[in-house]
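Chemist: Sharing data24.csv here; it has CSV, C-alpha atoms.
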chain,number,residue,atom,x,y,z
A,17,MET,CA,61.2,226.8,-151.0
A,18,THR,CA,62.9,224.7,-148.3
A,19,ILE,CA,59.5,224.1,-146.6
A,20,PHE,CA,58.0,222.9,-149.9
A,21,LYS,CA,60.6,220.1,-150.0
A,22,GLU,CA,58.9,218.6,-147.0
A,23,LEU,CA,55.8,217.8,-149.1
A,24,SER,CA,55.3,215.9,-152.4
A,25,SER,CA,54.5,217.8,-155.6
A,26,LYS,CA,50.8,216.9,-155.3
A,27,GLU,CA,50.7,218.1,-151.7
A,28,GLN,CA,52.5,221.4,-152.6
A,29,LEU,CA,50.0,221.9,-155.4
A,30,LEU,CA,47.1,221.3,-153.0
A,31,ALA,CA,48.5,223.8,-150.5
A,32,LEU,CA,48.7,226.5,-153.2
A,33,VAL,CA,45.1,225.7,-154.4
A,34,GLU,CA,43.8,225.9,-150.9
A,35,ALA,CA,45.5,229.3,-150.4
A,36,ASN,CA,44.1,230.6,-153.6
A,37,PRO,CA,41.3,228.5,-155.2
A,38,PHE,CA,41.4,230.6,-158.3
A,39,ILE,CA,45.1,230.1,-159.1
A,40,GLY,CA,45.7,229.2,-162.8
A,41,GLN,CA,47.5,226.1,-164.1
A,42,GLN,CA,50.2,228.2,-165.6
A,43,GLU,CA,51.0,229.9,-162.3
A,44,LEU,CA,50.9,226.6,-160.5
A,45,ALA,CA,53.4,225.2,-163.0
A,46,GLU,CA,55.7,228.1,-162.6
A,47,ARG,CA,55.5,228.1,-158.7
A,48,LEU,CA,56.2,224.4,-158.5
A,49,GLY,CA,58.7,224.0,-161.4
A,50,LEU,CA,56.4,221.5,-163.2
A,51,SER,CA,55.0,221.2,-166.7
A,52,ARG,CA,51.3,222.2,-167.2
A,53,SER,CA,50.5,218.6,-168.1
A,54,ALA,CA,51.9,217.4,-164.8
A,55,VAL,CA,49.9,220.1,-163.0
A,56,ALA,CA,46.8,218.9,-164.9
A,57,GLY,CA,47.5,215.4,-163.9
A,58,HIS,CA,47.8,216.3,-160.2
A,59,LEU,CA,44.6,218.3,-160.3
A,60,GLY,CA,42.7,215.5,-161.9
A,61,GLN,CA,43.9,213.0,-159.3
A,62,LEU,CA,43.0,215.4,-156.4
A,63,THR,CA,39.5,215.9,-157.9
A,64,ARG,CA,39.0,212.1,-158.1
A,65,GLU,CA,40.1,211.8,-154.5
A,66,GLY,CA,37.5,214.4,-153.5
A,67,ARG,CA,40.2,216.7,-152.1
A,68,ILE,CA,39.3,219.5,-154.6
A,69,LEU,CA,35.6,220.2,-154.7
A,70,GLY,CA,35.5,223.1,-157.1
A,71,ARG,CA,36.5,226.8,-157.3
A,72,ALA,CA,34.4,229.1,-155.2
A,73,TYR,CA,34.9,232.2,-153.1
A,74,VAL,CA,34.5,231.9,-149.3
A,75,LEU,CA,33.4,235.2,-147.7
A,76,PRO,CA,36.0,236.2,-145.1
A,77,GLN,CA,33.4,236.9,-142.4
A,78,ARG,CA,32.1,233.3,-142.7
A,79,GLN,CA,35.4,231.6,-142.8
A,80,PRO,CA,35.1,228.8,-140.2
A,81,ILE,CA,37.3,228.2,-137.3
A,82,VAL,CA,38.4,224.6,-137.7
A,83,CYS,CA,39.0,222.7,-134.4
A,84,ILE,CA,41.0,219.4,-134.6
A,85,GLY,CA,41.4,217.0,-131.7
A,86,GLY,CA,39.7,215.1,-128.9
A,87,THR,CA,36.1,214.4,-128.1
A,88,ASN,CA,35.0,212.3,-125.2
A,89,LEU,CA,32.5,211.8,-122.4
A,90,ASP,CA,33.3,213.7,-119.2
A,91,ARG,CA,32.5,212.2,-115.9
A,92,LYS,CA,33.0,214.5,-112.8
A,93,LEU,CA,33.0,213.0,-109.4
A,94,ARG,CA,32.9,215.7,-106.7
A,95,ALA,CA,33.7,214.5,-103.2
A,96,LEU,CA,31.2,215.4,-100.5
A,97,GLY,CA,33.8,215.6,-97.8
A,98,PRO,CA,37.6,215.2,-97.3
A,99,LEU,CA,39.0,212.5,-99.5
A,100,ARG,CA,40.5,209.4,-97.9
A,101,MET,CA,43.0,207.6,-100.1
A,102,GLY,CA,42.6,203.8,-100.4
A,103,SER,CA,39.0,204.0,-99.2
A,104,SER,CA,35.5,204.6,-100.6
A,105,ASN,CA,34.4,208.2,-100.6
A,106,PRO,CA,30.9,209.6,-101.0
A,107,ALA,CA,30.6,211.7,-104.1
A,108,ARG,CA,28.2,213.4,-106.5
A,109,GLN,CA,28.5,212.5,-110.2
A,110,HIS,CA,27.9,214.8,-113.2
A,111,GLU,CA,28.2,213.5,-116.8
A,112,SER,CA,28.6,215.7,-119.9
A,113,ALA,CA,30.2,216.1,-123.2
A,114,GLY,CA,34.0,216.8,-123.2
A,115,GLY,CA,37.3,216.8,-125.0
A,116,VAL,CA,39.5,219.9,-125.5
A,117,ALA,CA,38.8,220.4,-129.2
A,118,ARG,CA,35.1,219.5,-128.8
A,119,ASN,CA,34.7,221.9,-125.8
A,120,ILE,CA,36.4,224.8,-127.8
A,121,ALA,CA,34.1,224.1,-130.8
A,122,GLU,CA,31.0,224.2,-128.6
A,123,ASN,CA,32.1,227.4,-127.0
A,124,LEU,CA,32.7,229.0,-130.4
A,125,ALA,CA,29.3,227.8,-131.7
A,126,ARG,CA,27.5,229.2,-128.7
A,127,LEU,CA,29.2,232.6,-129.5
A,128,GLY,CA,27.6,232.3,-133.0
A,129,LEU,CA,30.8,231.7,-134.9
A,130,PRO,CA,31.1,229.4,-137.9
A,131,VAL,CA,33.0,226.3,-136.6
A,132,HIS,CA,34.0,222.9,-138.0
A,133,LEU,CA,35.1,220.1,-135.7
A,134,LEU,CA,37.4,217.3,-137.0
A,135,THR,CA,37.5,214.6,-134.3
A,136,ALA,CA,37.2,210.9,-133.6
A,137,VAL,CA,34.4,209.0,-131.8
A,138,GLY,CA,33.2,205.5,-131.6
A,139,ARG,CA,30.2,204.3,-133.6
A,140,ASP,CA,28.5,203.8,-130.3
A,141,ALA,CA,25.7,205.5,-128.4
A,142,ALA,CA,28.0,208.0,-126.7
A,143,GLY,CA,29.8,209.0,-129.9
A,144,GLN,CA,26.6,209.5,-131.9
A,145,THR,CA,25.0,211.5,-129.1
A,146,LEU,CA,28.1,213.8,-128.9
A,147,LEU,CA,28.1,214.5,-132.6
A,148,THR,CA,24.3,215.0,-132.7
A,149,GLN,CA,24.5,217.5,-129.8
A,150,LEU,CA,27.2,219.5,-131.6
A,151,GLN,CA,25.4,219.5,-134.9
A,152,GLY,CA,22.3,220.8,-133.1
A,153,LEU,CA,24.4,223.8,-132.0
A,154,GLY,CA,25.5,224.5,-135.5
A,155,VAL,CA,28.9,222.8,-135.5
A,156,ASP,CA,29.9,221.1,-138.8
A,157,CYS,CA,31.3,217.7,-138.0
A,158,ALA,CA,31.6,216.4,-141.6
A,159,GLY,CA,34.8,214.5,-142.1
A,160,SER,CA,35.1,213.4,-138.4
A,161,LEU,CA,36.2,209.8,-137.9
A,162,GLN,CA,33.5,207.3,-136.6
A,163,ALA,CA,35.2,204.1,-135.6
A,164,ALA,CA,33.2,200.8,-135.5
A,165,ASP,CA,35.9,199.0,-133.6
A,166,ALA,CA,36.6,201.3,-130.7
A,167,ALA,CA,34.7,203.1,-127.9
A,168,THR,CA,34.3,206.8,-127.6
A,169,GLY,CA,36.9,208.3,-125.3
A,170,SER,CA,36.3,209.3,-121.7
A,171,TYR,CA,37.7,211.7,-119.2
A,172,THR,CA,37.0,211.1,-115.5
A,173,ALA,CA,37.8,214.0,-113.1
A,174,VAL,CA,37.9,213.6,-109.3
A,175,LEU,CA,37.2,217.0,-107.6
A,176,ASP,CA,37.4,218.0,-104.0
A,177,PRO,CA,34.4,219.5,-102.2
A,178,ASP,CA,35.4,223.0,-103.5
A,179,GLY,CA,35.4,221.9,-107.1
A,180,GLU,CA,39.2,221.8,-107.5
A,181,LEU,CA,40.7,219.1,-109.6
A,182,LEU,CA,42.5,216.4,-107.6
A,183,LEU,CA,43.0,213.7,-110.3
A,184,ALA,CA,41.9,213.0,-113.8
A,185,LEU,CA,41.9,209.8,-115.9
A,186,ALA,CA,41.8,210.1,-119.7
A,187,HIS,CA,41.0,207.3,-122.1
A,188,MET,CA,41.9,209.0,-125.4
A,189,GLU,CA,43.5,206.4,-127.6
A,190,LEU,CA,41.0,207.0,-130.4
A,191,THR,CA,42.5,210.4,-131.0
A,192,ASP,CA,45.7,208.7,-132.2
A,193,ARG,CA,43.8,207.8,-135.3
A,194,LEU,CA,43.8,211.5,-136.3
A,195,ASP,CA,47.0,210.9,-138.2
A,196,PRO,CA,48.5,212.5,-141.3
A,197,ALA,CA,46.4,210.2,-143.5
A,198,PHE,CA,43.3,211.7,-141.7
A,199,LEU,CA,44.6,215.2,-142.5
A,200,ARG,CA,44.9,214.3,-146.1
A,201,GLN,CA,41.3,213.0,-146.2
A,202,THR,CA,40.0,216.1,-144.5
A,203,ALA,CA,41.9,218.7,-146.5
A,204,PRO,CA,38.7,220.0,-148.1
A,205,GLN,CA,37.2,220.7,-144.7
A,206,ARG,CA,40.3,222.6,-143.5
A,207,ALA,CA,40.8,224.6,-146.7
A,208,PRO,CA,38.3,227.5,-146.0
A,209,ALA,CA,39.6,228.1,-142.5
A,210,ARG,CA,41.2,231.3,-141.4
A,211,TRP,CA,42.2,229.8,-138.0
A,212,LEU,CA,43.0,226.2,-137.1
A,213,VAL,CA,42.8,225.2,-133.4
A,214,ALA,CA,44.5,221.9,-132.6
A,215,ASP,CA,44.9,220.3,-129.2
A,216,LEU,CA,47.9,218.3,-128.2
A,217,ASN,CA,45.9,215.1,-128.0
A,218,LEU,CA,46.9,214.8,-131.6
A,219,PRO,CA,49.8,212.5,-132.6
A,220,ARG,CA,53.3,214.1,-133.0
A,221,GLU,CA,53.3,213.4,-136.8
A,222,THR,CA,49.9,215.1,-137.2
A,223,LEU,CA,51.1,218.2,-135.4
A,224,ASP,CA,54.3,218.3,-137.5
A,225,GLU,CA,52.2,218.2,-140.7
A,226,LEU,CA,49.9,220.9,-139.4
A,227,ARG,CA,52.9,223.2,-138.7
A,228,ALA,CA,54.3,222.5,-142.2
A,229,GLU,CA,50.9,223.3,-143.8
A,230,ALA,CA,50.6,226.5,-141.8
A,231,ARG,CA,53.9,227.7,-143.1
A,232,LEU,CA,52.7,227.3,-146.6
A,233,ARG,CA,49.2,228.6,-146.4
A,234,ASP,CA,47.4,231.8,-145.4
A,235,GLN,CA,46.1,230.2,-142.2
A,236,ARG,CA,46.9,230.7,-138.6
A,237,LEU,CA,47.5,227.7,-136.3
A,238,LEU,CA,46.6,227.9,-132.6
A,239,LEU,CA,47.9,225.0,-130.5
A,240,VAL,CA,46.4,224.3,-127.1
A,241,ALA,CA,48.1,222.1,-124.5
A,242,VAL,CA,46.1,219.4,-122.7
A,243,SER,CA,48.5,218.0,-120.1
A,244,GLU,CA,52.1,218.1,-119.0
A,245,PRO,CA,52.9,214.5,-120.3
A,246,LYS,CA,51.6,215.4,-123.8
A,247,MET,CA,53.9,218.4,-124.2
A,248,ALA,CA,56.5,216.1,-125.7
A,249,ARG,CA,54.2,215.8,-128.8
A,250,LEU,CA,54.9,219.4,-129.6
A,251,GLY,CA,58.5,219.1,-130.7
A,252,ALA,CA,61.3,221.7,-130.7
A,253,ASP,CA,60.5,223.4,-134.0
A,254,LEU,CA,57.7,225.9,-133.5
A,255,ARG,CA,57.7,227.6,-136.9
A,256,GLY,CA,54.2,227.8,-138.2
A,257,VAL,CA,52.5,228.2,-134.8
A,258,ALA,CA,50.7,231.5,-134.6
A,259,LEU,CA,49.8,231.0,-130.9
A,260,LEU,CA,50.4,228.5,-128.2
A,261,VAL,CA,48.1,228.4,-125.1
A,262,LEU,CA,49.1,226.5,-122.0
A,263,ASN,CA,49.4,226.8,-118.2
A,264,ARG,CA,52.5,227.3,-116.1
A,265,GLY,CA,53.2,223.6,-115.4
A,266,GLU,CA,53.0,222.8,-119.2
A,267,LEU,CA,55.3,225.7,-120.0
A,268,GLU,CA,57.8,224.4,-117.4
A,269,THR,CA,57.6,221.0,-119.0
A,270,LEU,CA,58.1,222.4,-122.4
A,271,VAL,CA,61.2,224.4,-121.6
A,272,GLY,CA,62.5,221.8,-119.1
A,273,ARG,CA,63.0,223.9,-116.0
A,274,ALA,CA,61.1,225.6,-113.2
A,275,LEU,CA,59.8,229.1,-113.8
A,276,PRO,CA,59.6,230.7,-110.3
A,277,ASP,CA,59.6,234.4,-111.3
A,278,ASP,CA,59.0,237.0,-114.0
A,279,ASP,CA,62.6,236.8,-115.2
A,280,ALA,CA,62.4,233.1,-115.7
A,281,LEU,CA,59.1,233.5,-117.6
A,282,ARG,CA,60.5,236.1,-119.9
A,283,ALA,CA,63.5,233.9,-120.7
A,284,ALA,CA,61.2,231.0,-121.4
A,285,TRP,CA,59.2,233.1,-123.8
A,286,ARG,CA,62.3,234.3,-125.6
A,287,SER,CA,63.5,230.8,-126.1
A,288,LEU,CA,60.2,229.7,-127.6
A,289,ARG,CA,60.2,232.8,-129.8
A,290,ASP,CA,63.7,231.8,-131.0
A,291,ALA,CA,62.3,228.4,-131.9
A,292,GLY,CA,59.7,230.0,-134.2
A,293,LEU,CA,56.7,230.6,-132.0
A,294,GLN,CA,54.9,233.8,-132.9
A,295,ARG,CA,52.8,234.4,-129.7
A,296,LEU,CA,52.2,232.8,-126.3
A,297,VAL,CA,49.4,232.8,-123.7
A,298,MET,CA,50.0,231.2,-120.3
A,299,SER,CA,47.1,230.8,-117.9
A,300,ASP,CA,48.4,231.4,-114.4
A,301,GLY,CA,45.6,230.2,-112.1
A,302,SER,CA,43.8,232.7,-109.9
A,303,ARG,CA,46.3,235.4,-111.1
A,304,GLY,CA,44.8,235.4,-114.6
A,305,VAL,CA,46.8,235.0,-117.8
A,306,ARG,CA,50.1,236.2,-119.2
A,307,PHE,CA,50.4,237.0,-122.8
A,308,SER,CA,53.5,237.7,-124.9
A,309,GLU,CA,54.2,241.3,-125.8
A,310,ASP,CA,57.6,242.2,-127.2
A,311,ASP,CA,60.3,240.6,-125.0
A,312,GLY,CA,58.0,240.0,-122.0
A,313,LEU,CA,54.8,238.3,-120.7
A,314,VAL,CA,52.2,240.8,-119.6
A,315,LEU,CA,49.9,239.8,-116.7
A,316,LEU,CA,46.1,240.3,-117.2
A,317,PRO,CA,44.1,239.7,-114.0
A,318,PRO,CA,40.8,237.8,-114.2
A,319,PRO,CA,37.3,239.2,-113.4
A,320,LEU,CA,36.5,239.3,-109.7
A,321,LEU,CA,34.2,236.5,-108.6
A,322,GLU,CA,32.6,235.7,-105.3
A,323,PRO,CA,34.1,232.5,-104.0
A,324,ALA,CA,30.7,231.1,-103.4
A,325,SER,CA,29.7,231.5,-107.0
A,326,ILE,CA,32.4,229.2,-108.3
A,327,ARG,CA,31.0,225.7,-109.1
A,328,GLU,CA,34.1,223.9,-110.4
A,329,VAL,CA,37.1,224.3,-112.7
A,330,THR,CA,36.6,221.7,-115.5
A,331,GLY,CA,36.2,223.4,-118.9
A,332,ALA,CA,37.4,226.9,-117.8
A,333,GLY,CA,40.7,226.5,-119.7
A,334,ASP,CA,38.9,225.4,-122.9
A,335,ALA,CA,36.6,228.5,-122.5
A,336,LEU,CA,39.7,230.7,-122.2
A,337,THR,CA,41.1,229.3,-125.4
A,338,ALA,CA,37.8,229.6,-127.2
A,339,GLY,CA,37.5,233.2,-126.2
A,340,ILE,CA,41.0,234.0,-127.4
A,341,ALA,CA,40.3,232.2,-130.8
A,342,ALA,CA,37.0,234.0,-131.2
A,343,ALA,CA,38.5,237.5,-130.6
A,344,LEU,CA,41.5,236.8,-132.9
A,345,HIS,CA,39.2,235.6,-135.6
A,346,ARG,CA,37.8,239.1,-135.6
A,347,ASP,CA,41.0,241.0,-134.9
A,348,PRO,CA,44.2,238.9,-135.2
A,349,ASP,CA,46.4,241.7,-133.9
A,350,ASP,CA,44.7,242.3,-130.5
A,351,LEU,CA,46.0,239.6,-128.2
A,352,ARG,CA,45.3,241.7,-125.1
A,353,GLY,CA,41.6,242.0,-126.1
A,354,ALA,CA,41.5,238.3,-127.0
A,355,CYS,CA,42.8,237.3,-123.5
A,356,ALA,CA,40.2,239.6,-121.9
A,357,LEU,CA,37.4,237.9,-123.7
A,358,GLY,CA,38.9,234.5,-122.9
A,359,LEU,CA,39.0,235.4,-119.2
A,360,GLN,CA,35.3,236.5,-119.4
A,361,LEU,CA,34.3,233.1,-120.9
A,362,ALA,CA,36.4,231.2,-118.3
A,363,ALA,CA,34.7,233.1,-115.5
A,364,LEU,CA,31.2,232.2,-116.8
A,365,THR,CA,32.3,228.5,-117.0
A,366,LEU,CA,33.6,228.5,-113.5
A,367,GLN,CA,30.1,229.5,-112.3
A,368,SER,CA,28.5,226.6,-114.2
A,369,ASP,CA,28.2,222.9,-113.4
A,370,ALA,CA,28.5,222.2,-117.2
A,371,THR,CA,31.8,221.9,-119.0
A,372,VAL,CA,30.6,224.6,-121.4
A,373,SER,CA,28.5,227.4,-120.0
A,374,GLU,CA,25.0,227.8,-121.5
A,375,ALA,CA,25.3,231.5,-120.6
A,376,LEU,CA,27.5,232.0,-123.7
A,377,SER,CA,25.8,233.9,-126.6
A,378,PRO,CA,26.8,236.1,-129.6
A,379,ALA,CA,26.1,239.1,-127.5
A,380,LEU,CA,29.4,238.6,-125.8
A,381,LEU,CA,31.2,239.5,-129.0
A,382,VAL,CA,29.5,242.8,-129.4
Show me the file's structure as structure tokens.
Modeler:
Amino acid sequence: MTIFKELSSKEQLLALVEANPFIGQQELAERLGLSRSAVAGHLGQLTREGRILGRAYVLPQRQPIVCIGGTNLDRKLRALGPLRMGSSNPARQHESAGGVARNIAENLARLGLPVHLLTAVGRDAAGQTLLTQLQGLGVDCAGSLQAADAATGSYTAVLDPDGELLLALAHMELTDRLDPAFLRQTAPQRAPARWLVADLNLPRETLDELRAEARLRDQRLLLVAVSEPKMARLGADLRGVALLVLNRGELETLVGRALPDDDALRAAWRSLRDAGLQRLVMSDGSRGVRFSEDDGLVLLPPPLLEPASIREVTGAGDALTAGIAAALHRDPDDLRGACALGLQLAALTLQSDATVSEALSPALLV
């Protein structure tokens, strides 16, 4: 009950209703220590607010994966030769849809899974095009914020001739509007989910509330890092986080020290587990991924690729996370198998000029 104290009586009631849409008023009253008339009053208010839409079963196999976080326009500038700082450099440009949560949602939709994206875009041509494209792939975007007073976010990546990222510039202020008030407004969209996938573009207060909700509800929260500077948004209390996906640099930033060897990595994992984290996946570049198992981090190598087949790296990390989420949606206990699927999706993305590979299909889940 200590977690319940973090939320108001109405929010506690909503959490119980979302966990069990068929719970009775008497049980709600007993669980919350309220009178039945108080419970009825809260239910009436939640109905008027549109946060309770009725009582209906959701088939487990069609429970959506809800992705929450950034959507933006990706611009990739790939140098045609060695870069000279402080000078103009010839480059080839490619423009596509982007944003961590958006990319993960598209990957999941191309795998044929039910997916709902809660994000923020401008009410401009770029924002409307991004939402229309996702809806055409089957992504439900109902509840997403469309701002009339701000432009859709952008991400500009500068790549070397081999496709390796040299520098990225992100304009993502609109994502800061995905605050706790936004969470309250979109509670009906999140209610049916088995898994929530949230990126660390979200404000600190939003992530805090998502963790508190996850501790109350029968939902699993997967958090995915987006950059080393934004690791501070995560906070020290990791209770409620079913899985954290990040890279080595982000893990070093999170624990506040270098991690040069396996012993240091194991110690980092144990410290995060002590803080409440349930499981961890760390991408480790060309070596593959390391996933938590008991007291250690197990290395899983990536598929072998011909160097000439690799186009560029943008989007590969999001494909990795999407593959992990897709596999855990089917079998939440098989983290090794989930990482294997994630590496397979990342390999396909590395061989594509697009941020999300068009080679993805439901056949990959068979």
Chemist: Given only C-alpha atoms as the basis, pick out the residue of A:Leu250, A:Ile84, A:Leu29, A:Leu376 nearest to Leu293 (chain A).
Modeler: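 Of the candidates, the smallest distance to Leu293 (chain A) is held by A:Leu250.
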Chemist: With all atoms listed in the file as the basis for distance, which of A:Val305, A:Val372, A:Ala158, A:Leu99 is at the shortest distance from Cys355 (chain A)?
Modeler: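 Using all atoms listed in the file, Cys355 (chain A) sits closest to A:Val305.
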Chemist: Interatomic distance between CA of Arg255 (chain A) and CA of Ala342 (chain A)?
Modeler: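 Taking CA of Arg255 (chain A) and CA of Ala342 (chain A), their separation equals 22.4 Å.
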Chemist: Within 9 Å of Leu161 (chain A), counting all atoms listed in the file, which residues show up once you throw out same-chain ones fewer than 2 positions away? Write them as a VMD selection string, please.
Modeler: chain A and resid 134 to 138 158 to 159 163 193 to 194 198
Chemist: Would you mind exporting the chosen residues as a short mmCIF file (atom, residue, chain, number, x, y, z; two decimals), in the coordinates of the input, restricted to C-alpha atoms?
Modeler:
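File produced: part_6.cif:
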data_model
loop_
_atom_site.label_atom_id
_atom_site.label_comp_id
_atom_site.auth_asym_id
_atom_site.auth_seq_id
_atom_site.Cartn_x
_atom_site.Cartn_y
_atom_site.Cartn_z
CA LEU A 134 37.40 217.30 -137.00
CA THR A 135 37.50 214.60 -134.30
CA ALA A 136 37.20 210.90 -133.60
CA VAL A 137 34.40 209.00 -131.80
CA GLY A 138 33.20 205.50 -131.60
CA ALA A 158 31.60 216.40 -141.60
CA GLY A 159 34.80 214.50 -142.10
CA ALA A 163 35.20 204.10 -135.60
CA ARG A 193 43.80 207.80 -135.30
CA LEU A 194 43.80 211.50 -136.30
CA PHE A 198 43.30 211.70 -141.70
#
Chemist: Which one of A:Arg286, A:Glu268, A:Cys83, A:Gln294 sits closest to Asn123 (chain A) if you count all atoms listed in the file?
Modeler: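 Nearest to Asn123 (chain A): A:Cys83.
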Chemist: Of the residues A:Leu44, A:Leu316, A:Ala291, A:Ala343, which is the one nearest to Asp253 (chain A), using all atoms listed in the file?
Modeler: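 Distance minimum relative to Asp253 (chain A) lands on A:Ala291.
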Chemist: Between CA of Arg346 (chain A) and CA of Gly331 (chain A), what is the distance in Å, rounded to a tenth?
Modeler: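 Separating CA of Arg346 (chain A) from CA of Gly331 (chain A) is a distance of 23.0 Å.
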Chemist: Hey, which of A:Pro219, A:Pro130, A:Pro348, A:Pro106 ends up closest to Val155 (chain A)? Count all atoms listed in the file.
Modeler: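 Result for the nearest residue to Val155 (chain A): A:Pro130.
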Chemist: To one decimal in Å, tell me the separation between CA of Thr168 (chain A) and CA of Asn105 (chain A).
Modeler: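 These two atoms are separated by 27.0 Å.
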Chemist: Show me the residues around (36.3, 211.5, -107.7) - criterion: an atom at most 7 Å away, all atoms listed in the file counted - as a PyMOL selection string.
Modeler: chain A and resi 92-95+107+173-175
Chemist: Nearest to Leu237 (chain A): which of A:Gly57, A:Ala142, A:Thr330, A:Ala341 is it, counting all atoms listed in the file?
Modeler: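 Under the stated criterion, the closest residue is A:Ala341.
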Chemist: Set the distance at 10 Å and use only C-alpha atoms: which residues neighbour Trp211 (chain A) once local chain neighbours fewer than 5 positions away are removed? I'd like the list as a list in words.
Modeler: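 Here the qualifying residues turn out to be Gln79, Pro80, Ile81, Val82, Cys83, Val131, Arg206, Ala230, Asp234, Gln235, Arg236, Leu237, Leu238, Ala258, Ala341, Ala342, Leu344, His345 and Pro348 of chain A.
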Chemist: Excluding same-chain residues fewer than 5 positions from Arg264 (chain A), what lies within 10 Å of it counting only C-alpha atoms, as number ranges by chain?
Modeler: A: 244, 269-270, 274-276, 281, 297-301, 305-306
Chemist: Could you list, as a PyMOL selection string, every residue within 6 Å of Val240 (chain A), counting all atoms listed in the file and ignoring same-chain residues fewer than 2 positions away?
Modeler: chain A and resi 215+260-261
Chemist: Quick one: residues within 12 Å of Leu146 (chain A), only C-alpha atoms counted, chain neighbours fewer than 2 positions away excluded, as a ChimeraX atom specification?
Modeler: /A:86-90,112-115,118-119,122,133,135-144,148-153,155,157,160,162,168-170
